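Have a look at run-v1.tsv below; it lists TSV, C-alpha atoms.
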chain	number	residue	atom	x	y	z
A	1	MET	CA	-75.42	237.81	8.17
A	2	ALA	CA	-76.96	237.61	11.66
A	3	VAL	CA	-75.77	234.01	11.96
A	4	PHE	CA	-72.23	234.99	10.99
A	5	PHE	CA	-72.20	237.86	13.52
A	6	ALA	CA	-73.45	235.53	16.27
A	7	ALA	CA	-70.82	232.91	15.45
A	8	VAL	CA	-68.02	235.49	15.62
A	9	LYS	CA	-69.41	236.83	18.88
A	10	HIS	CA	-69.76	233.48	20.66
A	11	LEU	CA	-67.18	231.35	18.77
A	12	SER	CA	-69.71	228.58	19.21
A	13	PHE	CA	-72.42	227.34	16.83
A	14	THR	CA	-74.41	226.03	19.80
A	15	LYS	CA	-74.46	229.36	21.62
A	16	SER	CA	-75.19	231.15	18.34
A	17	ALA	CA	-78.20	228.90	17.81
A	18	GLN	CA	-79.43	229.64	21.33
A	19	GLU	CA	-79.15	233.40	20.80
A	20	LEU	CA	-80.95	233.29	17.44
A	21	ASN	CA	-83.51	230.71	18.60
A	22	ILE	CA	-82.74	228.32	15.74
A	23	SER	CA	-81.22	224.84	15.60
A	24	GLN	CA	-77.47	224.21	15.70
A	25	PRO	CA	-77.59	222.37	12.33
A	26	ALA	CA	-79.26	225.46	10.84
A	27	VAL	CA	-76.35	227.59	12.04
A	28	SER	CA	-73.82	225.15	10.58
A	29	LYS	CA	-75.68	225.07	7.26
A	30	SER	CA	-75.86	228.87	7.06
A	31	ILE	CA	-72.14	229.28	7.80
A	32	HIS	CA	-71.27	226.56	5.26
A	33	GLU	CA	-73.30	228.30	2.55
A	34	PHE	CA	-71.66	231.62	3.45
A	35	GLU	CA	-68.21	230.03	3.13
A	36	ILE	CA	-69.12	228.66	-0.31
A	37	GLN	CA	-70.13	232.15	-1.43
A	38	ALA	CA	-66.91	233.62	-0.01
A	39	GLY	CA	-64.76	230.84	-1.43
A	40	LYS	CA	-62.88	230.75	1.87
A	41	SER	CA	-63.10	229.03	5.22
A	42	LEU	CA	-64.33	231.55	7.76
A	43	PHE	CA	-63.88	229.44	10.90
A	44	GLU	CA	-61.58	226.66	12.03
A	45	ARG	CA	-61.85	224.45	15.06
A	46	ASN	CA	-59.40	224.53	17.97
A	47	GLY	CA	-60.52	221.65	20.13
A	48	ASN	CA	-64.09	222.39	21.13
A	49	ARG	CA	-63.81	226.08	20.31
A	50	LEU	CA	-64.09	227.97	17.04
A	51	MET	CA	-61.49	230.42	15.77
A	52	VAL	CA	-62.13	233.05	13.12
A	53	THR	CA	-59.82	232.71	10.14
A	54	GLU	CA	-58.06	235.65	8.53
A	55	ALA	CA	-60.72	235.65	5.79
A	56	GLY	CA	-63.44	235.58	8.42
A	57	GLN	CA	-61.90	238.53	10.23
A	58	LEU	CA	-61.74	240.51	6.98
A	59	ILE	CA	-65.38	239.80	6.14
A	60	TYR	CA	-66.44	240.62	9.69
A	61	LYS	CA	-64.68	244.01	9.50
A	62	TYR	CA	-66.46	245.02	6.30
A	63	ALA	CA	-69.75	243.45	7.37
A	64	GLN	CA	-69.78	245.72	10.42
A	65	GLU	CA	-69.28	248.74	8.19
A	66	LEU	CA	-72.08	247.58	5.90
A	67	ASN	CA	-74.33	247.08	8.91
A	68	VAL	CA	-73.76	250.71	9.91
A	69	VAL	CA	-74.66	251.82	6.37
A	70	TYR	CA	-77.87	249.76	6.41
A	71	GLU	CA	-78.83	251.30	9.74
A	72	GLN	CA	-78.19	254.78	8.38
A	73	ILE	CA	-80.30	254.02	5.31
A	74	ASN	CA	-83.20	252.82	7.46
A	75	GLU	CA	-82.89	255.80	9.75
A	76	GLY	CA	-82.76	258.12	6.73
A	77	LEU	CA	-85.94	256.58	5.33
A	78	ASP	CA	-87.60	257.07	8.70
A	79	MET	CA	-86.51	260.70	8.64
A	80	LEU	CA	-88.22	261.11	5.24
A	81	ASP	CA	-91.41	259.84	6.86
A	82	GLY	CA	-90.99	262.33	9.69
A	83	LYS	CA	-90.21	259.76	12.35
A	84	ILE	CA	-87.26	258.30	14.24
A	85	SER	CA	-87.26	254.58	15.04
A	86	GLY	CA	-84.89	251.77	15.85
A	87	ASP	CA	-83.00	250.23	18.75
A	88	LEU	CA	-80.54	252.25	20.82
A	89	ARG	CA	-78.11	250.59	23.22
A	90	LEU	CA	-76.78	252.93	25.89
A	91	GLY	CA	-74.15	252.40	28.54
A	92	ALA	CA	-73.98	254.76	31.50
A	93	SER	CA	-71.81	255.02	34.57
A	94	THR	CA	-73.68	254.47	37.81
A	95	THR	CA	-74.30	258.08	38.83
A	96	LEU	CA	-75.66	258.95	35.41
A	97	SER	CA	-77.79	255.82	35.03
A	98	ASN	CA	-79.45	256.43	38.39
A	99	TYR	CA	-79.93	260.20	38.49
A	100	ILE	CA	-79.62	261.71	35.00
A	101	VAL	CA	-80.47	259.18	32.28
A	102	PRO	CA	-83.99	258.13	33.43
A	103	ASN	CA	-85.18	261.72	33.17
A	104	ILE	CA	-83.83	261.99	29.62
A	105	LEU	CA	-85.25	258.61	28.60
A	106	ALA	CA	-88.77	259.50	29.71
A	107	ASP	CA	-88.84	262.64	27.57
A	108	PHE	CA	-87.03	261.00	24.64
A	109	HIS	CA	-89.49	258.10	24.56
A	110	ALA	CA	-92.39	260.55	24.60
A	111	ALA	CA	-90.85	262.44	21.66
A	112	TYR	CA	-89.85	259.31	19.71
A	113	PRO	CA	-92.21	256.47	20.70
A	114	ALA	CA	-91.04	254.24	17.83
A	115	THR	CA	-87.61	253.80	19.45
A	116	GLN	CA	-86.56	251.06	21.82
A	117	ILE	CA	-83.77	251.76	24.30
A	118	LYS	CA	-81.70	249.37	26.39
A	119	VAL	CA	-79.44	250.76	29.11
A	120	LEU	CA	-76.51	248.96	30.72
A	121	HIS	CA	-74.91	250.53	33.76
A	122	GLY	CA	-71.49	250.02	35.27
A	123	ASN	CA	-68.40	252.02	36.12
A	124	SER	CA	-66.57	254.15	33.56
A	125	GLN	CA	-64.10	251.40	32.63
A	126	GLN	CA	-66.93	248.97	31.93
A	127	VAL	CA	-68.74	251.46	29.70
A	128	GLU	CA	-65.58	252.02	27.66
A	129	GLN	CA	-65.09	248.27	27.35
A	130	TRP	CA	-68.68	247.80	26.13
A	131	LEU	CA	-68.07	250.41	23.45
A	132	SER	CA	-64.87	248.69	22.34
A	133	GLU	CA	-66.73	245.37	22.16
A	134	LYS	CA	-69.65	247.04	20.30
A	135	THR	CA	-72.05	245.90	23.03
A	136	ILE	CA	-73.47	249.44	23.14
A	137	ASP	CA	-73.83	252.28	20.63
A	138	LEU	CA	-73.27	255.22	22.94
A	139	GLY	CA	-71.84	255.73	26.42
A	140	ILE	CA	-72.39	258.43	29.03
A	141	LEU	CA	-69.80	258.69	31.76
A	142	GLU	CA	-67.76	260.95	33.99
A	143	GLY	CA	-64.14	261.68	33.23
A	144	LEU	CA	-61.84	261.14	30.28
A	145	SER	CA	-59.48	258.28	29.56
A	146	ASN	CA	-56.54	257.87	27.21
A	147	ASN	CA	-58.40	255.52	24.86
A	148	SER	CA	-57.63	256.93	21.40
A	149	CYS	CA	-60.27	254.68	19.81
A	150	LEU	CA	-63.05	256.61	21.56
A	151	LYS	CA	-64.34	260.13	21.05
A	152	TYR	CA	-65.61	262.17	24.03
A	153	GLU	CA	-68.14	265.00	23.77
A	154	ALA	CA	-68.87	267.22	26.78
A	155	PHE	CA	-72.46	266.89	27.97
A	156	LEU	CA	-73.18	268.25	31.43
A	157	LYS	CA	-71.41	270.03	34.30
A	158	ASP	CA	-71.29	268.33	37.70
A	159	GLU	CA	-69.75	268.98	41.11
A	160	LEU	CA	-68.49	266.43	43.60
A	161	VAL	CA	-69.31	267.50	47.16
A	162	LEU	CA	-68.30	266.17	50.56
A	163	VAL	CA	-71.39	264.60	52.13
A	164	ALA	CA	-72.19	263.53	55.70
A	165	ARG	CA	-75.27	262.81	57.77
A	166	GLN	CA	-76.60	265.72	59.81
A	167	SER	CA	-75.70	263.99	63.08
A	168	ASN	CA	-72.13	263.11	62.09
A	169	SER	CA	-70.27	263.53	65.40
A	170	LYS	CA	-66.94	264.50	63.83
A	171	ILE	CA	-68.31	267.58	62.06
A	172	ARG	CA	-71.56	268.24	63.92
A	173	GLY	CA	-72.60	271.85	63.63
A	174	ARG	CA	-69.97	272.69	61.02
A	175	ASP	CA	-70.71	273.65	57.44
A	176	SER	CA	-67.10	273.92	56.32
A	177	ILE	CA	-63.66	272.56	57.16
A	178	LYS	CA	-60.07	273.20	56.09
A	179	PRO	CA	-58.46	270.93	53.46
A	180	LYS	CA	-56.01	269.42	55.98
A	181	GLU	CA	-58.96	268.27	58.11
A	182	LEU	CA	-59.90	265.79	55.40
A	183	LEU	CA	-57.13	263.55	56.72
A	184	ALA	CA	-58.91	263.26	60.08
A	185	LEU	CA	-62.16	261.99	58.53
A	186	GLU	CA	-63.18	258.43	57.70
A	187	PHE	CA	-64.22	257.88	54.07
A	188	VAL	CA	-66.44	255.50	52.17
A	189	ILE	CA	-65.68	255.37	48.43
A	190	ARG	CA	-66.72	253.68	45.21
A	191	GLU	CA	-64.99	250.63	43.78
A	192	GLN	CA	-61.89	250.67	41.57
A	193	GLY	CA	-62.71	251.83	38.06
A	194	SER	CA	-65.12	254.51	39.20
A	195	GLY	CA	-64.79	257.80	37.35
A	196	THR	CA	-65.60	259.64	40.58
A	197	ASN	CA	-62.48	258.24	42.23
A	198	ASP	CA	-60.27	259.30	39.33
A	199	VAL	CA	-61.58	262.87	39.29
A	200	LEU	CA	-61.29	263.22	43.06
A	201	ARG	CA	-57.77	261.76	43.18
A	202	LYS	CA	-56.50	264.36	40.69
A	203	ALA	CA	-58.32	267.24	42.38
A	204	LEU	CA	-56.95	266.44	45.83
A	205	LEU	CA	-53.38	266.57	44.54
A	206	GLN	CA	-53.94	270.24	43.68
A	207	ILE	CA	-54.36	271.05	47.39
A	208	GLY	CA	-51.53	268.79	48.51
A	209	VAL	CA	-53.67	265.87	49.72
A	210	ASN	CA	-52.61	262.42	48.59
A	211	TRP	CA	-55.48	260.02	47.90
A	212	HIS	CA	-53.60	257.23	49.70
A	213	ASP	CA	-53.42	259.34	52.87
A	214	LEU	CA	-57.20	259.39	53.23
A	215	ASP	CA	-58.61	257.10	55.91
A	216	ILE	CA	-60.73	254.87	53.67
A	217	LYS	CA	-62.85	252.55	55.79
A	218	VAL	CA	-65.35	251.08	53.32
A	219	ILE	CA	-65.55	250.50	49.55
A	220	LEU	CA	-69.04	250.11	48.07
A	221	ALA	CA	-70.30	249.42	44.56
A	222	SER	CA	-72.94	252.13	44.13
A	223	THR	CA	-73.87	255.65	45.13
A	224	GLU	CA	-77.13	254.44	46.67
A	225	SER	CA	-75.30	252.02	48.95
A	226	ILE	CA	-72.91	254.81	49.98
A	227	LYS	CA	-75.78	257.15	50.84
A	228	ASN	CA	-77.51	254.48	52.92
A	229	PHE	CA	-74.24	253.73	54.69
A	230	LEU	CA	-73.68	257.41	55.52
A	231	LEU	CA	-77.09	257.61	57.18
A	232	HIS	CA	-75.87	255.10	59.78
A	233	SER	CA	-72.21	256.08	60.07
A	234	ASP	CA	-69.87	258.93	60.92
A	235	CYS	CA	-68.02	258.37	57.65
A	236	VAL	CA	-68.08	260.94	54.84
A	237	ALA	CA	-68.06	260.56	51.06
A	238	TYR	CA	-67.60	262.60	47.92
A	239	LEU	CA	-70.72	262.28	45.75
A	240	SER	CA	-72.23	263.99	42.72
A	241	VAL	CA	-74.51	266.84	43.73
A	242	TYR	CA	-77.13	265.36	41.36
A	243	SER	CA	-77.23	262.18	43.45
A	244	ILE	CA	-78.14	263.77	46.79
A	245	MET	CA	-80.93	266.22	45.92
A	246	LYS	CA	-83.59	264.19	47.72
A	247	GLU	CA	-81.52	263.71	50.89
A	248	LEU	CA	-80.56	267.39	51.02
A	249	LYS	CA	-84.20	268.37	50.75
A	250	SER	CA	-85.22	265.96	53.51
A	251	GLY	CA	-82.33	267.05	55.74
A	252	GLU	CA	-80.92	263.52	56.08
A	253	LEU	CA	-77.58	264.48	54.53
A	254	LYS	CA	-75.67	267.72	54.29
A	255	VAL	CA	-72.85	269.16	52.20
A	256	VAL	CA	-69.65	270.13	54.00
A	257	ASP	CA	-67.68	272.81	52.14
A	258	ILE	CA	-63.91	272.59	51.93
A	259	GLU	CA	-62.39	276.05	52.24
A	260	GLY	CA	-60.87	277.13	48.93
A	261	PHE	CA	-61.54	273.77	47.29
A	262	GLU	CA	-64.14	272.67	44.72
A	263	VAL	CA	-64.27	269.53	42.62
A	264	LYS	CA	-65.87	270.25	39.26
A	265	ARG	CA	-66.16	267.75	36.46
A	266	ASP	CA	-67.93	267.13	33.15
A	267	PHE	CA	-70.15	264.28	32.13
A	268	PHE	CA	-69.35	263.07	28.63
A	269	PHE	CA	-71.02	261.26	25.80
A	270	VAL	CA	-68.56	258.78	24.33
A	271	HIS	CA	-68.63	256.70	21.16
A	272	PRO	CA	-66.14	255.01	18.83
A	273	GLN	CA	-64.13	257.30	16.56
A	274	GLY	CA	-65.74	257.90	13.19
A	275	VAL	CA	-69.26	258.59	12.03
A	276	ILE	CA	-71.90	258.11	14.70
A	277	ASN	CA	-75.16	256.41	13.71
A	278	ARG	CA	-78.24	258.55	13.30
A	279	LEU	CA	-80.22	257.35	16.34
A	280	PRO	CA	-77.36	257.79	18.87
A	281	GLU	CA	-76.76	261.24	17.37
A	282	VAL	CA	-80.44	262.18	17.76
A	283	PHE	CA	-80.37	261.04	21.40
A	284	TYR	CA	-77.16	262.94	22.09
A	285	LYS	CA	-78.54	266.19	20.65
A	286	PHE	CA	-81.85	265.70	22.47
A	287	ALA	CA	-80.09	265.29	25.82
A	288	LYS	CA	-77.86	268.32	25.24
A	289	LYS	CA	-80.86	270.49	24.41
A	290	LYS	CA	-82.81	269.25	27.42
A	291	PHE	CA	-80.14	270.34	29.88
A	292	SER	CA	-79.15	273.56	28.11
A	293	ASP	CA	-82.70	274.90	27.77
A	294	PRO	CA	-84.68	274.97	31.05
A	295	SER	CA	-87.95	275.39	29.12
A	296	PHE	CA	-87.31	272.32	26.97
A	297	SER	CA	-89.35	269.22	27.73
Take the structure from the file and write it as structure tokens.
Amino acid sequence: MAVFFAAVKHLSFTKSAQELNISQPAVSKSIHEFEIQAGKSLFERNGNRLMVTEAGQLIYKYAQELNVVYEQINEGLDMLDGKISGDLRLGASTTLSNYIVPNILADFHAAYPATQIKVLHGNSQQVEQWLSEKTIDLGILEGLSNNSCLKYEAFLKDELVLVARQSNSKIRGRDSIKPKELLALEFVIREQGSGTNDVLRKALLQIGVNWHDLDIKVILASTESIKNFLLHSDCVAYLSVYSIMKELKSGELKVVDIEGFEVKRDFFFVHPQGVINRLPEVFYKFAKKKFSDPSFS
């Protein structure tokens, strides 16, 4: 079945062989034998590229469901033995993967040493795409989308705060400003697709500030790059409060309050609609407990 999954994924016997570390003839032989058992052609060639036939698509659909059942059986057997094991593929948006997830992973690995975890990080749109493509089992991101194929479960409260270096000449000596003064500041923001941008855009509309009226000078791909930029610039940025704890403690950066305005948001676990596999569920519940119970470790 692994050969069939690889062939559907890559639409290439050569690439499938490379992924599985076997020969290309072995892949062809395995697919041929599978087609004999099915009594149908599962692939057809379109030039140099494979295409999955209607029969192949049907088998792939049910094979995925069977694969989930097998995983649940194995996880259930592990539960009978009093242990949790297996591979967990996580996807996390940048803020979470840098400042929240590593803390959870360290404690989770200590509690369940027989598990192996791989984490991909990107913006919220990328995480949702990975889930749709079944590249990951579970996502953690900020903000909700309109993707009806995905289920969102609230995880953790966050606040976006306006951040500047202590020596920022435009707001030196000030701890708060009025909402209309935002238009006089120069901003550095995350790239398109960032959940932070979406949350901030909607929040600003509530106080009559249009996102497009902000003076955006620089667009950067990560929170870390934004923080480093702020340390050498009079620009400001909206960042998660979780991401700036170290800089606030050292005094390198400061939070500037906006009078009568707060930007609250939730972090969410997200997974495809339907039954979630046992290991992602265990991780989800572990993370929820960790952040809801201060004494939990």
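In this comparison, which uses all atoms listed in the file, the residue of A:Ser23, A:Ser176, A:Ser194, A:Ser169 approaching Leu144 of chain A most closely is A:Ser194.
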Leaving out Val8 of chain A and any residue of its chain fewer than 4 positions from it, which residues lie within 12 Å of it when counting only C-alpha atoms, given as JSON, numbers by chain? {"A": [1, 2, 3, 4, 12, 13, 15, 16, 31, 42, 43, 44, 49, 50, 51, 52, 53, 56, 57, 58, 59, 60, 61, 63, 64, 133]}
Between segment 146-188 of chain A and segment 244-266 of chain A, at 6 Å or less, what are the per-residue closest atom pairs and their distances in Å? Count all atoms listed in the file, order by chain and rising residue number, and return it as a Markdown table.
| residue | atom | partner | partner_atom | distance |
| --- | --- | --- | --- | --- |
| A:Leu156 | CA | A:Asp266 | CA | 5.6 |
| A:Lys157 | CA | A:Asp266 | CA | 4.7 |
| A:Asp158 | CA | A:Arg265 | CA | 5.3 |
| A:Glu159 | CA | A:Lys264 | CA | 4.5 |
| A:Leu160 | CA | A:Val263 | CA | 5.3 |
| A:Leu162 | CA | A:Val256 | CA | 5.4 |
| A:Val163 | CA | A:Val255 | CA | 4.8 |
| A:Ala164 | CA | A:Leu253 | CA | 5.6 |
| A:Arg165 | CA | A:Leu253 | CA | 4.3 |
| A:Gln166 | CA | A:Leu253 | CA | 5.5 |
| A:Asp175 | CA | A:Val256 | CA | 5.0 |
| A:Ser176 | CA | A:Asp257 | CA | 4.4 |
| A:Ile177 | CA | A:Ile258 | CA | 5.2 |
| A:Lys178 | CA | A:Glu259 | CA | 5.3 |
| A:Pro179 | CA | A:Ile258 | CA | 5.9 |
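Going from atom CA of Phe34 of chain A to atom CA of Lys134 of chain A covers 22.9 Å.
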Give me, as a Markdown table, the closest atom pair and its distance (Å, one decimal) for every residue of segment 115-194 of chain A within a cut-off of 10 Å of segment 104-109 of chain A, counting only C-alpha atoms, rows sorted by chain and rising number.
| residue | atom | partner | partner_atom | distance |
| --- | --- | --- | --- | --- |
| A:Thr115 | CA | A:His109 | CA | 6.9 |
| A:Gln116 | CA | A:His109 | CA | 8.1 |
| A:Ile117 | CA | A:Leu105 | CA | 8.2 |
| A:Val119 | CA | A:Leu105 | CA | 9.8 |
Just how far from atom CA of Val101 of chain A is atom CA of Arg278 of chain A, in Å to one decimal?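 Separation of atom CA of Arg278 of chain A and atom CA of Val101 of chain A: 19.1 Å.
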Could you give me the centre and size, in Å to one decimal, of an axis-aligned box around all listed atoms of segment 273-285 of chain A with 6 Å added on every side, as JSON?
{"center_x": -72.3, "center_y": 261.3, "center_z": 17.1, "size_x": 28.3, "size_y": 21.8, "size_z": 22.1}
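Put simply, atom CA of Leu131 of chain A is 12.0 Å away from atom CA of Tyr152 of chain A.
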Please rebuild segment 199-229 of chain A with N, CA and C atoms and return the result as a PDB file, in the coordinates of the input.
ATOM      1  N   VAL A 199     -61.466 261.409  39.259  1.00  0.00           N
ATOM      2  CA  VAL A 199     -61.580 262.870  39.290  1.00  0.00           C
ATOM      3  C   VAL A 199     -61.147 263.403  40.651  1.00  0.00           C
ATOM      4  N   LEU A 200     -61.603 262.759  41.718  1.00  0.00           N
ATOM      5  CA  LEU A 200     -61.290 263.220  43.060  1.00  0.00           C
ATOM      6  C   LEU A 200     -59.800 263.086  43.358  1.00  0.00           C
ATOM      7  N   ARG A 201     -59.207 261.989  42.940  1.00  0.00           N
ATOM      8  CA  ARG A 201     -57.770 261.760  43.180  1.00  0.00           C
ATOM      9  C   ARG A 201     -56.932 262.901  42.583  1.00  0.00           C
ATOM     10  N   LYS A 202     -57.249 263.288  41.355  1.00  0.00           N
ATOM     11  CA  LYS A 202     -56.500 264.360  40.690  1.00  0.00           C
ATOM     12  C   LYS A 202     -56.753 265.710  41.350  1.00  0.00           C
ATOM     13  N   ALA A 203     -57.998 265.956  41.766  1.00  0.00           N
ATOM     14  CA  ALA A 203     -58.320 267.240  42.380  1.00  0.00           C
ATOM     15  C   ALA A 203     -57.627 267.409  43.727  1.00  0.00           C
ATOM     16  N   LEU A 204     -57.567 266.359  44.511  1.00  0.00           N
ATOM     17  CA  LEU A 204     -56.950 266.440  45.830  1.00  0.00           C
ATOM     18  C   LEU A 204     -55.459 266.773  45.742  1.00  0.00           C
ATOM     19  N   LEU A 205     -54.807 266.283  44.709  1.00  0.00           N
ATOM     20  CA  LEU A 205     -53.380 266.570  44.540  1.00  0.00           C
ATOM     21  C   LEU A 205     -53.126 268.066  44.411  1.00  0.00           C
ATOM     22  N   GLN A 206     -54.100 268.800  43.874  1.00  0.00           N
ATOM     23  CA  GLN A 206     -53.940 270.240  43.680  1.00  0.00           C
ATOM     24  C   GLN A 206     -53.906 270.998  45.012  1.00  0.00           C
ATOM     25  N   ILE A 207     -54.422 270.390  46.067  1.00  0.00           N
ATOM     26  CA  ILE A 207     -54.360 271.050  47.390  1.00  0.00           C
ATOM     27  C   ILE A 207     -53.411 270.293  48.322  1.00  0.00           C
ATOM     28  N   GLY A 208     -52.553 269.461  47.736  1.00  0.00           N
ATOM     29  CA  GLY A 208     -51.530 268.790  48.510  1.00  0.00           C
ATOM     30  C   GLY A 208     -52.001 267.625  49.352  1.00  0.00           C
ATOM     31  N   VAL A 209     -53.147 267.034  48.992  1.00  0.00           N
ATOM     32  CA  VAL A 209     -53.670 265.870  49.720  1.00  0.00           C
ATOM     33  C   VAL A 209     -53.523 264.639  48.837  1.00  0.00           C
ATOM     34  N   ASN A 210     -52.804 263.668  49.332  1.00  0.00           N
ATOM     35  CA  ASN A 210     -52.610 262.420  48.590  1.00  0.00           C
ATOM     36  C   ASN A 210     -53.784 261.479  48.863  1.00  0.00           C
ATOM     37  N   TRP A 211     -54.338 260.944  47.799  1.00  0.00           N
ATOM     38  CA  TRP A 211     -55.480 260.020  47.900  1.00  0.00           C
ATOM     39  C   TRP A 211     -55.192 258.892  48.880  1.00  0.00           C
ATOM     40  N   HIS A 212     -53.967 258.382  48.858  1.00  0.00           N
ATOM     41  CA  HIS A 212     -53.600 257.230  49.700  1.00  0.00           C
ATOM     42  C   HIS A 212     -53.480 257.603  51.181  1.00  0.00           C
ATOM     43  N   ASP A 213     -53.467 258.904  51.469  1.00  0.00           N
ATOM     44  CA  ASP A 213     -53.420 259.340  52.870  1.00  0.00           C
ATOM     45  C   ASP A 213     -54.803 259.439  53.496  1.00  0.00           C
ATOM     46  N   LEU A 214     -55.847 259.348  52.682  1.00  0.00           N
ATOM     47  CA  LEU A 214     -57.200 259.390  53.230  1.00  0.00           C
ATOM     48  C   LEU A 214     -57.469 258.114  54.024  1.00  0.00           C
ATOM     49  N   ASP A 215     -58.254 258.236  55.062  1.00  0.00           N
ATOM     50  CA  ASP A 215     -58.610 257.100  55.910  1.00  0.00           C
ATOM     51  C   ASP A 215     -59.857 256.424  55.314  1.00  0.00           C
ATOM     52  N   ILE A 216     -59.626 255.529  54.369  1.00  0.00           N
ATOM     53  CA  ILE A 216     -60.730 254.870  53.670  1.00  0.00           C
ATOM     54  C   ILE A 216     -61.140 253.625  54.444  1.00  0.00           C
ATOM     55  N   LYS A 217     -62.353 253.627  54.955  1.00  0.00           N
ATOM     56  CA  LYS A 217     -62.850 252.550  55.790  1.00  0.00           C
ATOM     57  C   LYS A 217     -63.662 251.513  55.014  1.00  0.00           C
ATOM     58  N   VAL A 218     -64.419 251.976  54.012  1.00  0.00           N
ATOM     59  CA  VAL A 218     -65.350 251.080  53.320  1.00  0.00           C
ATOM     60  C   VAL A 218     -65.336 251.403  51.826  1.00  0.00           C
ATOM     61  N   ILE A 219     -65.429 250.361  51.004  1.00  0.00           N
ATOM     62  CA  ILE A 219     -65.550 250.500  49.550  1.00  0.00           C
ATOM     63  C   ILE A 219     -66.865 249.846  49.135  1.00  0.00           C
ATOM     64  N   LEU A 220     -67.720 250.614  48.482  1.00  0.00           N
ATOM     65  CA  LEU A 220     -69.040 250.110  48.070  1.00  0.00           C
ATOM     66  C   LEU A 220     -69.226 250.278  46.570  1.00  0.00           C
ATOM     67  N   ALA A 221     -70.179 249.531  46.015  1.00  0.00           N
ATOM     68  CA  ALA A 221     -70.300 249.420  44.560  1.00  0.00           C
ATOM     69  C   ALA A 221     -71.259 250.429  43.934  1.00  0.00           C
ATOM     70  N   SER A 222     -71.988 251.200  44.723  1.00  0.00           N
ATOM     71  CA  SER A 222     -72.940 252.130  44.130  1.00  0.00           C
ATOM     72  C   SER A 222     -73.123 253.355  45.010  1.00  0.00           C
ATOM     73  N   THR A 223     -73.591 254.427  44.388  1.00  0.00           N
ATOM     74  CA  THR A 223     -73.870 255.650  45.130  1.00  0.00           C
ATOM     75  C   THR A 223     -74.989 255.442  46.137  1.00  0.00           C
ATOM     76  N   GLU A 224     -76.016 254.686  45.758  1.00  0.00           N
ATOM     77  CA  GLU A 224     -77.130 254.440  46.670  1.00  0.00           C
ATOM     78  C   GLU A 224     -76.669 253.727  47.935  1.00  0.00           C
ATOM     79  N   SER A 225     -75.793 252.743  47.769  1.00  0.00           N
ATOM     80  CA  SER A 225     -75.300 252.020  48.950  1.00  0.00           C
ATOM     81  C   SER A 225     -74.449 252.939  49.824  1.00  0.00           C
ATOM     82  N   ILE A 226     -73.706 253.850  49.205  1.00  0.00           N
ATOM     83  CA  ILE A 226     -72.910 254.810  49.980  1.00  0.00           C
ATOM     84  C   ILE A 226     -73.819 255.735  50.777  1.00  0.00           C
ATOM     85  N   LYS A 227     -74.868 256.242  50.137  1.00  0.00           N
ATOM     86  CA  LYS A 227     -75.780 257.150  50.840  1.00  0.00           C
ATOM     87  C   LYS A 227     -76.439 256.451  52.031  1.00  0.00           C
ATOM     88  N   ASN A 228     -76.881 255.227  51.820  1.00  0.00           N
ATOM     89  CA  ASN A 228     -77.510 254.480  52.920  1.00  0.00           C
ATOM     90  C   ASN A 228     -76.522 254.213  54.044  1.00  0.00           C
ATOM     91  N   PHE A 229     -75.281 253.949  53.684  1.00  0.00           N
ATOM     92  CA  PHE A 229     -74.240 253.730  54.690  1.00  0.00           C
ATOM     93  C   PHE A 229     -74.001 255.002  55.510  1.00  0.00           C
TER      94      PHE A 229
END
